[in-house]
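Structure data (compact mmCIF, N, CA and C atoms) from data_17.txt:
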```
# COMPACT_ATOMS: atom_id res chain seq x y z
N MET A 1 5.90 -12.76 -36.98
CA MET A 1 6.47 -12.21 -35.76
C MET A 1 6.79 -13.35 -34.78
N ALA A 2 7.90 -13.22 -34.10
CA ALA A 2 8.33 -14.25 -33.14
C ALA A 2 7.34 -14.37 -31.99
N ARG A 3 7.21 -15.58 -31.48
CA ARG A 3 6.30 -15.85 -30.37
C ARG A 3 7.10 -16.37 -29.18
N PRO A 4 7.42 -15.48 -28.22
CA PRO A 4 8.12 -15.96 -27.02
C PRO A 4 7.13 -16.61 -26.05
N GLU A 5 7.53 -17.75 -25.48
CA GLU A 5 6.65 -18.43 -24.52
C GLU A 5 7.46 -19.43 -23.70
N PHE A 6 7.24 -19.41 -22.40
CA PHE A 6 7.78 -20.42 -21.49
C PHE A 6 6.61 -21.18 -20.90
N THR A 7 6.75 -22.49 -20.80
CA THR A 7 5.78 -23.34 -20.14
C THR A 7 6.42 -23.86 -18.86
N VAL A 8 5.69 -23.75 -17.75
CA VAL A 8 6.26 -24.07 -16.44
C VAL A 8 5.48 -25.22 -15.80
N SER A 9 6.22 -26.20 -15.26
CA SER A 9 5.59 -27.28 -14.49
C SER A 9 6.31 -27.39 -13.15
N VAL A 10 5.53 -27.74 -12.12
CA VAL A 10 6.06 -27.79 -10.75
C VAL A 10 5.56 -29.06 -10.06
N ILE A 11 6.44 -29.67 -9.29
CA ILE A 11 6.08 -30.80 -8.43
C ILE A 11 6.58 -30.45 -7.03
N ALA A 12 5.71 -30.59 -6.03
CA ALA A 12 6.07 -30.24 -4.66
C ALA A 12 6.03 -31.48 -3.77
N ARG A 13 6.81 -31.43 -2.69
CA ARG A 13 6.77 -32.51 -1.70
C ARG A 13 7.03 -31.94 -0.32
N TYR A 14 6.45 -32.57 0.66
CA TYR A 14 6.60 -32.20 2.06
C TYR A 14 7.97 -32.64 2.57
N LEU A 15 8.58 -31.82 3.41
CA LEU A 15 9.88 -32.12 4.01
C LEU A 15 9.72 -32.31 5.52
N PRO A 16 9.37 -33.50 5.96
CA PRO A 16 9.14 -33.71 7.40
C PRO A 16 10.38 -33.41 8.25
N GLU A 17 11.57 -33.71 7.71
CA GLU A 17 12.80 -33.50 8.48
C GLU A 17 13.14 -32.01 8.67
N GLN A 18 12.55 -31.14 7.86
CA GLN A 18 12.77 -29.69 7.97
C GLN A 18 11.58 -28.98 8.61
N SER A 19 10.59 -29.75 9.02
CA SER A 19 9.36 -29.18 9.57
C SER A 19 9.32 -29.34 11.09
N ALA A 20 8.56 -28.46 11.73
CA ALA A 20 8.35 -28.52 13.18
C ALA A 20 6.88 -28.18 13.44
N PRO A 21 5.98 -29.15 13.25
CA PRO A 21 4.56 -28.88 13.42
C PRO A 21 4.19 -28.26 14.76
N ASP A 22 4.92 -28.64 15.83
CA ASP A 22 4.63 -28.07 17.15
C ASP A 22 4.94 -26.57 17.22
N GLN A 23 5.72 -26.09 16.22
CA GLN A 23 6.05 -24.66 16.13
C GLN A 23 5.38 -24.00 14.92
N GLN A 24 4.39 -24.67 14.34
CA GLN A 24 3.69 -24.19 13.14
C GLN A 24 4.66 -23.86 12.02
N ALA A 25 5.57 -24.80 11.73
CA ALA A 25 6.53 -24.64 10.64
C ALA A 25 6.50 -25.90 9.78
N TYR A 26 6.01 -25.74 8.56
CA TYR A 26 5.88 -26.85 7.61
C TYR A 26 6.70 -26.51 6.37
N ALA A 27 7.69 -27.35 6.07
CA ALA A 27 8.60 -27.08 4.95
C ALA A 27 8.24 -27.95 3.74
N PHE A 28 8.36 -27.35 2.57
CA PHE A 28 8.06 -28.02 1.31
C PHE A 28 9.15 -27.73 0.29
N ALA A 29 9.58 -28.77 -0.41
CA ALA A 29 10.49 -28.60 -1.54
C ALA A 29 9.64 -28.58 -2.80
N TYR A 30 10.12 -27.86 -3.81
CA TYR A 30 9.43 -27.92 -5.09
C TYR A 30 10.46 -27.93 -6.21
N SER A 31 10.15 -28.72 -7.22
CA SER A 31 11.00 -28.88 -8.39
C SER A 31 10.29 -28.22 -9.57
N VAL A 32 10.99 -27.30 -10.23
CA VAL A 32 10.41 -26.52 -11.32
C VAL A 32 11.11 -26.85 -12.64
N THR A 33 10.33 -27.04 -13.68
CA THR A 33 10.86 -27.20 -15.03
C THR A 33 10.30 -26.07 -15.88
N ILE A 34 11.21 -25.30 -16.50
CA ILE A 34 10.83 -24.20 -17.37
C ILE A 34 11.24 -24.58 -18.79
N LEU A 35 10.27 -24.71 -19.67
CA LEU A 35 10.51 -25.10 -21.06
C LEU A 35 10.26 -23.91 -21.97
N ASN A 36 11.21 -23.63 -22.86
CA ASN A 36 10.96 -22.60 -23.87
C ASN A 36 10.10 -23.24 -24.95
N SER A 37 8.80 -23.01 -24.86
CA SER A 37 7.84 -23.59 -25.80
C SER A 37 7.52 -22.61 -26.93
N GLY A 38 8.23 -21.50 -26.98
CA GLY A 38 8.05 -20.52 -28.04
C GLY A 38 8.95 -20.81 -29.22
N ASP A 39 9.06 -19.85 -30.12
CA ASP A 39 9.89 -20.05 -31.32
C ASP A 39 11.04 -19.05 -31.40
N VAL A 40 11.45 -18.49 -30.25
CA VAL A 40 12.56 -17.55 -30.20
C VAL A 40 13.28 -17.71 -28.87
N ALA A 41 14.59 -17.50 -28.85
CA ALA A 41 15.34 -17.55 -27.60
C ALA A 41 14.82 -16.49 -26.65
N ALA A 42 14.83 -16.83 -25.36
CA ALA A 42 14.32 -15.89 -24.35
C ALA A 42 15.00 -16.16 -23.02
N GLN A 43 14.98 -15.13 -22.17
CA GLN A 43 15.65 -15.21 -20.87
C GLN A 43 14.68 -14.92 -19.74
N LEU A 44 14.80 -15.71 -18.68
CA LEU A 44 14.04 -15.46 -17.46
C LEU A 44 14.80 -14.38 -16.68
N ILE A 45 14.14 -13.28 -16.37
CA ILE A 45 14.78 -12.15 -15.71
C ILE A 45 14.45 -12.10 -14.22
N GLY A 46 13.18 -12.30 -13.88
CA GLY A 46 12.77 -12.17 -12.48
C GLY A 46 11.58 -13.04 -12.16
N ARG A 47 11.20 -13.02 -10.88
CA ARG A 47 10.10 -13.88 -10.44
C ARG A 47 9.25 -13.17 -9.40
N ARG A 48 8.02 -13.63 -9.28
CA ARG A 48 7.11 -13.22 -8.21
C ARG A 48 6.32 -14.45 -7.81
N TRP A 49 6.42 -14.83 -6.53
CA TRP A 49 5.68 -15.96 -5.99
C TRP A 49 4.68 -15.45 -4.97
N LEU A 50 3.51 -16.07 -4.93
CA LEU A 50 2.53 -15.88 -3.87
C LEU A 50 2.40 -17.22 -3.17
N ILE A 51 2.66 -17.23 -1.86
CA ILE A 51 2.64 -18.45 -1.07
C ILE A 51 1.52 -18.30 -0.04
N HIS A 52 0.49 -19.11 -0.17
CA HIS A 52 -0.70 -19.04 0.69
C HIS A 52 -0.70 -20.25 1.62
N ASP A 53 -1.06 -20.04 2.89
CA ASP A 53 -1.24 -21.19 3.75
C ASP A 53 -2.69 -21.27 4.22
N ALA A 54 -3.05 -22.40 4.82
CA ALA A 54 -4.44 -22.66 5.20
C ALA A 54 -4.95 -21.73 6.30
N THR A 55 -4.05 -21.00 6.96
CA THR A 55 -4.49 -20.05 7.99
C THR A 55 -4.90 -18.70 7.40
N GLY A 56 -4.72 -18.55 6.08
CA GLY A 56 -5.07 -17.30 5.42
C GLY A 56 -3.90 -16.35 5.23
N VAL A 57 -2.70 -16.74 5.65
CA VAL A 57 -1.51 -15.90 5.49
C VAL A 57 -0.98 -16.05 4.06
N THR A 58 -0.64 -14.92 3.43
CA THR A 58 -0.03 -14.92 2.10
C THR A 58 1.32 -14.22 2.18
N GLN A 59 2.34 -14.90 1.67
CA GLN A 59 3.67 -14.30 1.56
C GLN A 59 3.92 -13.99 0.09
N GLU A 60 4.58 -12.87 -0.18
CA GLU A 60 4.98 -12.53 -1.53
C GLU A 60 6.49 -12.51 -1.60
N VAL A 61 7.04 -13.18 -2.62
CA VAL A 61 8.48 -13.23 -2.82
C VAL A 61 8.77 -12.71 -4.23
N ARG A 62 9.62 -11.68 -4.31
CA ARG A 62 10.02 -11.12 -5.60
C ARG A 62 11.54 -11.11 -5.69
N GLY A 63 12.07 -11.22 -6.89
CA GLY A 63 13.51 -11.14 -7.02
C GLY A 63 13.96 -11.38 -8.45
N LEU A 64 15.25 -11.19 -8.64
CA LEU A 64 15.85 -11.44 -9.94
C LEU A 64 16.14 -12.92 -10.10
N GLY A 65 15.91 -13.44 -11.28
CA GLY A 65 16.25 -14.82 -11.60
C GLY A 65 15.61 -15.85 -10.68
N VAL A 66 16.16 -17.06 -10.76
CA VAL A 66 15.74 -18.18 -9.91
C VAL A 66 17.00 -18.89 -9.44
N VAL A 67 17.09 -19.17 -8.16
CA VAL A 67 18.24 -19.81 -7.53
C VAL A 67 19.58 -19.29 -8.07
N GLY A 68 19.68 -17.97 -8.20
CA GLY A 68 20.93 -17.36 -8.65
C GLY A 68 21.18 -17.40 -10.15
N HIS A 69 20.20 -17.81 -10.92
CA HIS A 69 20.37 -17.91 -12.38
C HIS A 69 19.30 -17.09 -13.11
N GLN A 70 19.67 -16.60 -14.28
CA GLN A 70 18.73 -15.98 -15.21
C GLN A 70 18.91 -16.71 -16.54
N PRO A 71 18.34 -17.93 -16.61
CA PRO A 71 18.61 -18.79 -17.76
C PRO A 71 18.13 -18.21 -19.09
N LEU A 72 18.99 -18.33 -20.10
CA LEU A 72 18.66 -17.98 -21.48
C LEU A 72 18.41 -19.29 -22.20
N LEU A 73 17.18 -19.46 -22.70
CA LEU A 73 16.79 -20.72 -23.30
C LEU A 73 16.44 -20.56 -24.77
N LYS A 74 17.00 -21.42 -25.60
CA LYS A 74 16.63 -21.47 -27.02
C LYS A 74 15.32 -22.26 -27.12
N PRO A 75 14.59 -22.11 -28.22
CA PRO A 75 13.36 -22.89 -28.38
C PRO A 75 13.62 -24.38 -28.14
N GLY A 76 12.76 -24.99 -27.32
CA GLY A 76 12.90 -26.41 -27.02
C GLY A 76 13.80 -26.72 -25.83
N GLU A 77 14.61 -25.77 -25.38
CA GLU A 77 15.48 -26.01 -24.22
C GLU A 77 14.69 -25.82 -22.93
N GLN A 78 15.19 -26.47 -21.88
CA GLN A 78 14.54 -26.31 -20.59
C GLN A 78 15.57 -26.11 -19.49
N PHE A 79 15.11 -25.54 -18.39
CA PHE A 79 15.93 -25.29 -17.21
C PHE A 79 15.16 -25.86 -16.02
N GLU A 80 15.86 -26.63 -15.18
CA GLU A 80 15.22 -27.22 -14.01
C GLU A 80 15.94 -26.75 -12.76
N TYR A 81 15.17 -26.54 -11.70
CA TYR A 81 15.78 -26.19 -10.43
C TYR A 81 14.88 -26.64 -9.28
N GLN A 82 15.49 -26.70 -8.09
CA GLN A 82 14.76 -27.05 -6.88
C GLN A 82 14.88 -25.89 -5.90
N SER A 83 13.83 -25.66 -5.15
CA SER A 83 13.83 -24.66 -4.10
C SER A 83 12.88 -25.14 -3.00
N TRP A 84 12.61 -24.29 -2.03
CA TRP A 84 11.74 -24.69 -0.94
C TRP A 84 11.03 -23.49 -0.35
N ALA A 85 10.01 -23.79 0.44
CA ALA A 85 9.24 -22.74 1.13
C ALA A 85 8.79 -23.31 2.46
N ARG A 86 8.56 -22.41 3.41
CA ARG A 86 8.04 -22.82 4.72
C ARG A 86 6.77 -22.02 4.99
N ILE A 87 5.73 -22.73 5.44
CA ILE A 87 4.47 -22.08 5.78
C ILE A 87 4.06 -22.48 7.19
N LYS A 88 3.02 -21.84 7.71
CA LYS A 88 2.60 -22.06 9.10
C LYS A 88 1.44 -23.04 9.25
N ALA A 89 1.11 -23.75 8.19
CA ALA A 89 0.01 -24.71 8.23
C ALA A 89 0.41 -25.95 7.43
N PRO A 90 -0.23 -27.09 7.69
CA PRO A 90 0.12 -28.31 6.97
C PRO A 90 -0.35 -28.32 5.52
N ARG A 91 -1.15 -27.33 5.14
CA ARG A 91 -1.62 -27.22 3.75
C ARG A 91 -1.48 -25.79 3.27
N GLY A 92 -1.27 -25.65 1.98
CA GLY A 92 -1.21 -24.33 1.37
C GLY A 92 -1.12 -24.49 -0.13
N ARG A 93 -0.80 -23.39 -0.79
CA ARG A 93 -0.59 -23.44 -2.24
C ARG A 93 0.33 -22.31 -2.65
N MET A 94 0.94 -22.49 -3.80
CA MET A 94 1.82 -21.47 -4.37
C MET A 94 1.40 -21.22 -5.81
N GLN A 95 1.69 -20.03 -6.28
CA GLN A 95 1.50 -19.68 -7.68
C GLN A 95 2.42 -18.50 -7.95
N GLY A 96 2.62 -18.18 -9.22
CA GLY A 96 3.51 -17.07 -9.47
C GLY A 96 3.62 -16.69 -10.93
N THR A 97 4.61 -15.86 -11.17
CA THR A 97 4.88 -15.34 -12.51
C THR A 97 6.38 -15.20 -12.69
N TYR A 98 6.87 -15.61 -13.85
CA TYR A 98 8.24 -15.31 -14.25
C TYR A 98 8.19 -14.15 -15.24
N PHE A 99 9.07 -13.19 -15.05
CA PHE A 99 9.17 -12.05 -15.95
C PHE A 99 10.33 -12.34 -16.90
N CYS A 100 10.06 -12.28 -18.20
CA CYS A 100 11.00 -12.76 -19.20
C CYS A 100 11.20 -11.73 -20.31
N MET A 101 12.26 -11.95 -21.11
CA MET A 101 12.57 -11.07 -22.22
C MET A 101 13.06 -11.93 -23.39
N SER A 102 12.48 -11.69 -24.56
CA SER A 102 12.90 -12.45 -25.75
C SER A 102 14.22 -11.88 -26.27
N ALA A 103 14.85 -12.62 -27.17
CA ALA A 103 16.10 -12.17 -27.78
C ALA A 103 15.91 -10.87 -28.54
N GLU A 104 14.66 -10.58 -28.96
CA GLU A 104 14.37 -9.33 -29.67
C GLU A 104 13.86 -8.25 -28.71
N ALA A 105 14.12 -8.43 -27.41
CA ALA A 105 13.76 -7.46 -26.36
C ALA A 105 12.25 -7.27 -26.23
N GLN A 106 11.49 -8.34 -26.45
CA GLN A 106 10.05 -8.31 -26.22
C GLN A 106 9.78 -8.90 -24.83
N ALA A 107 9.24 -8.08 -23.94
CA ALA A 107 8.93 -8.55 -22.59
C ALA A 107 7.69 -9.44 -22.62
N PHE A 108 7.70 -10.48 -21.80
CA PHE A 108 6.52 -11.34 -21.65
C PHE A 108 6.56 -11.99 -20.28
N GLU A 109 5.44 -12.55 -19.88
CA GLU A 109 5.34 -13.22 -18.59
C GLU A 109 5.00 -14.69 -18.80
N ALA A 110 5.52 -15.53 -17.91
CA ALA A 110 5.19 -16.95 -17.90
C ALA A 110 4.49 -17.22 -16.57
N GLU A 111 3.25 -17.62 -16.65
CA GLU A 111 2.47 -17.88 -15.44
C GLU A 111 2.83 -19.24 -14.85
N ILE A 112 2.87 -19.28 -13.53
CA ILE A 112 3.09 -20.53 -12.80
C ILE A 112 1.74 -20.86 -12.16
N ALA A 113 1.09 -21.87 -12.68
CA ALA A 113 -0.24 -22.24 -12.20
C ALA A 113 -0.19 -22.63 -10.72
N PRO A 114 -1.27 -22.39 -9.99
CA PRO A 114 -1.29 -22.77 -8.58
C PRO A 114 -1.02 -24.26 -8.41
N PHE A 115 -0.25 -24.59 -7.37
CA PHE A 115 -0.01 -25.99 -7.01
C PHE A 115 -0.11 -26.12 -5.50
N GLU A 116 -0.48 -27.32 -5.07
CA GLU A 116 -0.75 -27.59 -3.67
C GLU A 116 0.53 -27.88 -2.88
N LEU A 117 0.53 -27.40 -1.65
CA LEU A 117 1.52 -27.79 -0.66
C LEU A 117 0.74 -28.57 0.39
N SER A 118 1.09 -29.83 0.60
CA SER A 118 0.39 -30.62 1.61
C SER A 118 1.30 -31.72 2.13
N GLN A 119 1.02 -32.16 3.34
CA GLN A 119 1.83 -33.21 3.93
C GLN A 119 1.74 -34.50 3.13
N GLN A 120 0.73 -34.65 2.29
CA GLN A 120 0.60 -35.86 1.48
C GLN A 120 1.34 -35.76 0.15
N SER A 121 1.84 -34.55 -0.20
CA SER A 121 2.48 -34.40 -1.52
C SER A 121 3.85 -35.06 -1.54
N ALA A 122 4.17 -35.64 -2.69
CA ALA A 122 5.46 -36.30 -2.86
C ALA A 122 5.92 -36.14 -4.30
N LEU A 123 7.22 -36.17 -4.51
CA LEU A 123 7.76 -36.12 -5.88
C LEU A 123 7.49 -37.44 -6.57
N HIS A 124 7.17 -37.37 -7.86
CA HIS A 124 6.91 -38.59 -8.63
C HIS A 124 8.00 -38.77 -9.65
```
Transcribe the structure of this file into structure tokens.
Amino acid sequence: MARPEFTVSVIARYLPEQSAPDQQAYAFAYSVTILNSGDVAAQLIGRRWLIHDATGVTQEVRGLGVVGHQPLLKPGEQFEYQSWARIKAPRGRMQGTYFCMSAEAQAFEAEIAPFELSQQSALH
């Protein structure tokens, strides 16, 4: 039986030029790489993000695709994109889930492990 699987990696960085600490607005960019690590073609259909800040506020973001795309990936292919988030504290974290469908119409989820948002974070 086919094994659909996406592996997700994320790198975040602080955006000082888009932030206004005096107004409790801290902006972060994040770069996401989605790798089809399974053995069957599959498509990313939707997403759910949980964005937590150090003040205890949690935002939930749901929607179709990512940055206007619903990439269909063959085994070994990857899709990369950049996006951003704004929180009310200089520290926070994000985590989420991608909702996916294999070429054989088998639904599966790809977890996005929690990652830190902090003024010290930078892209490597």
Please, which residues in range 2-48 of chain A fall within 8 Å of range 55-71 of chain A when counting all atoms listed in the file, and what is the closest atom pair and distance in Å to one decimal for each, ordered by chain then residue number, as JSON lines?
```
{"residue": "A:Ala42", "atom": "C", "partner": "A:Pro71", "partner_atom": "C", "distance": 5.4}
{"residue": "A:Gln43", "atom": "CA", "partner": "A:Pro71", "partner_atom": "C", "distance": 4.3}
{"residue": "A:Leu44", "atom": "N", "partner": "A:Pro71", "partner_atom": "C", "distance": 4.2}
{"residue": "A:Ile45", "atom": "C", "partner": "A:Gly65", "partner_atom": "N", "distance": 3.5}
{"residue": "A:Gly46", "atom": "CA", "partner": "A:Gly65", "partner_atom": "N", "distance": 3.6}
{"residue": "A:Arg47", "atom": "N", "partner": "A:Gly63", "partner_atom": "C", "distance": 4.0}
{"residue": "A:Arg48", "atom": "CA", "partner": "A:Val61", "partner_atom": "C", "distance": 4.3}
```
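Proximity of A:Leu73, A:Ile87, A:Ala41, A:Ile51 to Phe28 in chain A, computed with all atoms listed in the file, is greatest for A:Ile87.
Between atom N of Ser37 in chain A and CA of Ile11 in chain A there is a distance of 18.4 Å.
Distance annotation: of A:Leu72, A:Asp39, A:Arg13, A:Gln106, the residue with the minimal separation from Tyr26 in chain A is A:Arg13; atom set is only C-alpha atoms.
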> In Å, how far is it from CA of Pro75 in chain A to atom N of Thr7 in chain A?
Replying inline: 10.1 Å
>> Between A:Gly76, A:Pro4, A:Gly38, A:Pro16, which residue has the minimum interatomic distance to Gln119 in chain A, considering only C-alpha atoms?
In response: A:Pro16
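With CA of Tyr81 in chain A on one side and CA of Phe99 in chain A on the other, the separation reads 16.6 Å.
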>> Ranking A:Glu111, A:Ala105, A:Met94, A:Lys88 by minimum distance to Pro21 in chain A and counting all atoms listed in the file, which one comes first?
In response: A:Lys88
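If only C-alpha atoms are the atoms counted, then among A:Ala110, A:Ala54, A:Leu117, A:Met101 the closest residue to Val40 in chain A is A:Met101.
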> Got a sec to tell me which of range 3-122 of chain A DSSP assigns to strand (DSSP E or B), as a PyMOL selection string?
Replying inline: chain A and resi 6-14+20+25-36+42-53+58-64+66+69+72-73+78-87+91-102+107-118
Distance query Ile112 in chain A at most 8 Å, all atoms listed in the file, self and fewer than 6 positions along chain excluded, as an mmCIF file with N, CA and C atoms, in the coordinates of the input:
```cif
data_model
loop_
_atom_site.group_PDB
_atom_site.id
_atom_site.type_symbol
_atom_site.label_atom_id
_atom_site.label_comp_id
_atom_site.auth_asym_id
_atom_site.auth_seq_id
_atom_site.Cartn_x
_atom_site.Cartn_y
_atom_site.Cartn_z
ATOM 1 N N THR A 7 6.750 -22.490 -20.800
ATOM 2 C CA THR A 7 5.780 -23.340 -20.140
ATOM 3 C C THR A 7 6.420 -23.860 -18.860
ATOM 4 N N VAL A 8 5.690 -23.750 -17.750
ATOM 5 C CA VAL A 8 6.260 -24.070 -16.440
ATOM 6 C C VAL A 8 5.480 -25.220 -15.800
ATOM 7 N N SER A 9 6.220 -26.200 -15.260
ATOM 8 C CA SER A 9 5.590 -27.280 -14.490
ATOM 9 C C SER A 9 6.310 -27.390 -13.150
ATOM 10 N N VAL A 10 5.530 -27.740 -12.120
ATOM 11 C CA VAL A 10 6.060 -27.790 -10.750
ATOM 12 C C VAL A 10 5.560 -29.060 -10.060
ATOM 13 N N MET A 94 0.940 -22.490 -3.800
ATOM 14 C CA MET A 94 1.820 -21.470 -4.370
ATOM 15 C C MET A 94 1.400 -21.220 -5.810
ATOM 16 N N GLN A 95 1.690 -20.030 -6.280
ATOM 17 C CA GLN A 95 1.500 -19.680 -7.680
ATOM 18 C C GLN A 95 2.420 -18.500 -7.950
ATOM 19 N N GLY A 96 2.620 -18.180 -9.220
ATOM 20 C CA GLY A 96 3.510 -17.070 -9.470
ATOM 21 C C GLY A 96 3.620 -16.690 -10.930
ATOM 22 N N THR A 97 4.610 -15.860 -11.170
ATOM 23 C CA THR A 97 4.880 -15.340 -12.510
ATOM 24 C C THR A 97 6.380 -15.200 -12.690
ATOM 25 N N TYR A 98 6.870 -15.610 -13.850
ATOM 26 C CA TYR A 98 8.240 -15.310 -14.250
ATOM 27 C C TYR A 98 8.190 -14.150 -15.240
#
```
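Here the question is which of A:Gln78, A:Ser118, A:Arg93, A:Glu104 gets nearest to Thr33 in chain A using all atoms listed in the file, and that residue is A:Gln78.
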>> Let's see if you can do this: from backbone DSSP, list all helix (DSSP H, G or I) residues in range 11-101 of chain A, as a PyMOL selection string.
In response: chain A and resi 16-18+21-23
